[in-house]
Amino acid sequence: MPTLSSRMNCVANFFTYETTKSVVVKSWTIGVINRAVQLLIVSYFIGWVFLHEKAYQVRDTAIESSVVTKVKGFGKYANQVMDVVDYVTPPQGTSVFVIITKQIVTENQMQGFCPESEARYRCRSDSECQKLISATGSVSSAGILTGRCVKYNQTLHTCEIQGWCPAEVDTVDVPIMLEAENFTLFIKNSIRFPLFNFEKGNLLPDLTVQDIRRCHFHPISQPFCPILRLGDIVKFAGQDFTNLASTGGVVGIKIGWVCDLDQSWDRCVPSYSFTRLDSVSQKNSISRGYNFRYAKYYRHGNGTEYRTLMKAFGIRFDVLVYGNAGKFNIIPTLINAVAAFTSVGVGTVLCDIILLNFLKGAEQYKAKKFEEVTEVNLPPAVSTSPVYRSSQTLGGRSEEKQSTDSGAYSIGL
């Protein structure tokens, strides 16, 4: 059980006060380290934080954007001339659309019973088809399995399905629409930064109608032209147009708005970049590229419905808009300025660690840095003159000087 004396000591230790004591260490090593660390910290805040990151600004990242697209061009596919209505889907001119470059067509499909076209549904008897239903379920890729084995052609039998007949055969090799490489895409983009009520569009004021009719985007020669050639977009994304049109894929058109609103309105301009968004699918042997199915429906004179099924391969374009805007504000400026001044003290912490642990004379520094003074042992006030008093040389190796007005010590190592 603690005694009364020990408890009083604990109370006395709790009610203590620590004050800063300045110790001037005259050492080239510590001096160089201290100034070098301070210089690095100041350079970081001035060069990176304030100039590069513009920490003196308040930033708006909640960009509001609208995108309207329009594709132009004619192509020829399966002895037919294809226009925009034929190869662009959806037709509304949104920020995500598909240019169809290849199609596998299955004509005159009607509801009924017919043999499955896939090789894994080959059979020799009804029992084999019934086993398939038990093992994988009754739904195939083209319809619902009936459990019967029927004749597919002169030499082959497959399991029967109920659905749209004849079943699609999507393993045939069909050509691509090569003209799609020269199609053009017009992009109209409007943005707004609500924090600053700042609005602008990618159709810059110096663009004329004649410029838009004859210009094609190029990142160096014509970086602000809103007309982009599809072949150039694929090339800028690092892809081969023929391969991409054959398997299908997804390409991103990124429009960046990074604006410094402390500068003039004209300096806020868009930047375009391009990338393939489904590059992972290139390494996947199961489902490579991009394709989808759609159908056109008709009716015979007797009211019977039939359709033409199309498996389409194409390039999907996603127009992605991002950006942020900054403008000077006193609050972030003060916050980062205080952080800069505070961080300069890191040099002092580092130098203290070196002095207390690694340099010769560390014990002497510890003796001068940490000193305990009790209230009853306080020395009488020292006259303000003379300003300095010499003290006994410590160990014959250093000279101690004390200022009578600030309590700062100077130690020569």
# chains A, B, ... in the order shown; residues from 1 in each chain; ligands from 1
$ residues_around --residues "region 112-128 of chain A" --least-positions-apart "5" --cutoff "6 Å" --atoms "only C-alpha atoms" --output "list in words"
Arg148, Cys149, Tyr152, His157, Thr158, Cys159, Glu160, Ile161, Gln162, Gly163, Cys165 and Ala167 of chain A
$ select_by_dssp --residues "region 233-369 of chain A" --states "alpha helix (DSSP H)" --output "ChimeraX atom specification"
/A:233-236,241-247,330-343,346-357,362-369
$ select_by_dssp --residues "region 18-133 of chain A" --states "strand (DSSP E)" --output "PyMOL selection string"
chain A and resi 23-26+57-60+64-72+75-77+80-82+88-89+96-115
$ atom_distance --atom1 "CA of Gln239 (chain A)" --atom2 "CA of Glu179 (chain A)"
16.9 Å
$ residues_around --residues "region 244-251 of chain A" --least-positions-apart "3" --cutoff "6 Å" --atoms "only C-alpha atoms" --output "list in words"
Thr101, Phe241, Thr275, Arg276, Leu277, Asp278, Gly289, Tyr290, Phe313, Gly314, Ile315, Arg316 and Phe317 of chain A
$ residues_around --residues "region 33-46 of chain A" --least-positions-apart "5" --cutoff "10 Å" --atoms "only C-alpha atoms" --output "count of residues only"
22
$ atom_distance --atom1 "CA of Val105 (chain A)" --atom2 "CA of Thr308 (chain A)"
7.0 Å
$ residues_around --residues "Asp206 (chain A)" --least-positions-apart "6" --cutoff "12 Å" --atoms "only C-alpha atoms" --output "number ranges by chain"
A: 212, 224-225, 266
$ residues_around --residues "Lys102 (chain A)" --least-positions-apart "3" --cutoff "12 Å" --atoms "only C-alpha atoms" --output "ChimeraX atom specification"
/A:75-78,82,86-87,98-99,105,170,172-180,242-248,290-293,310-315
$ closest_residue --among "A:Phe358, A:Phe50, A:Trp265, A:Tyr298" --to "Pro205 (chain A)" --atoms "only C-alpha atoms"
A:Trp265
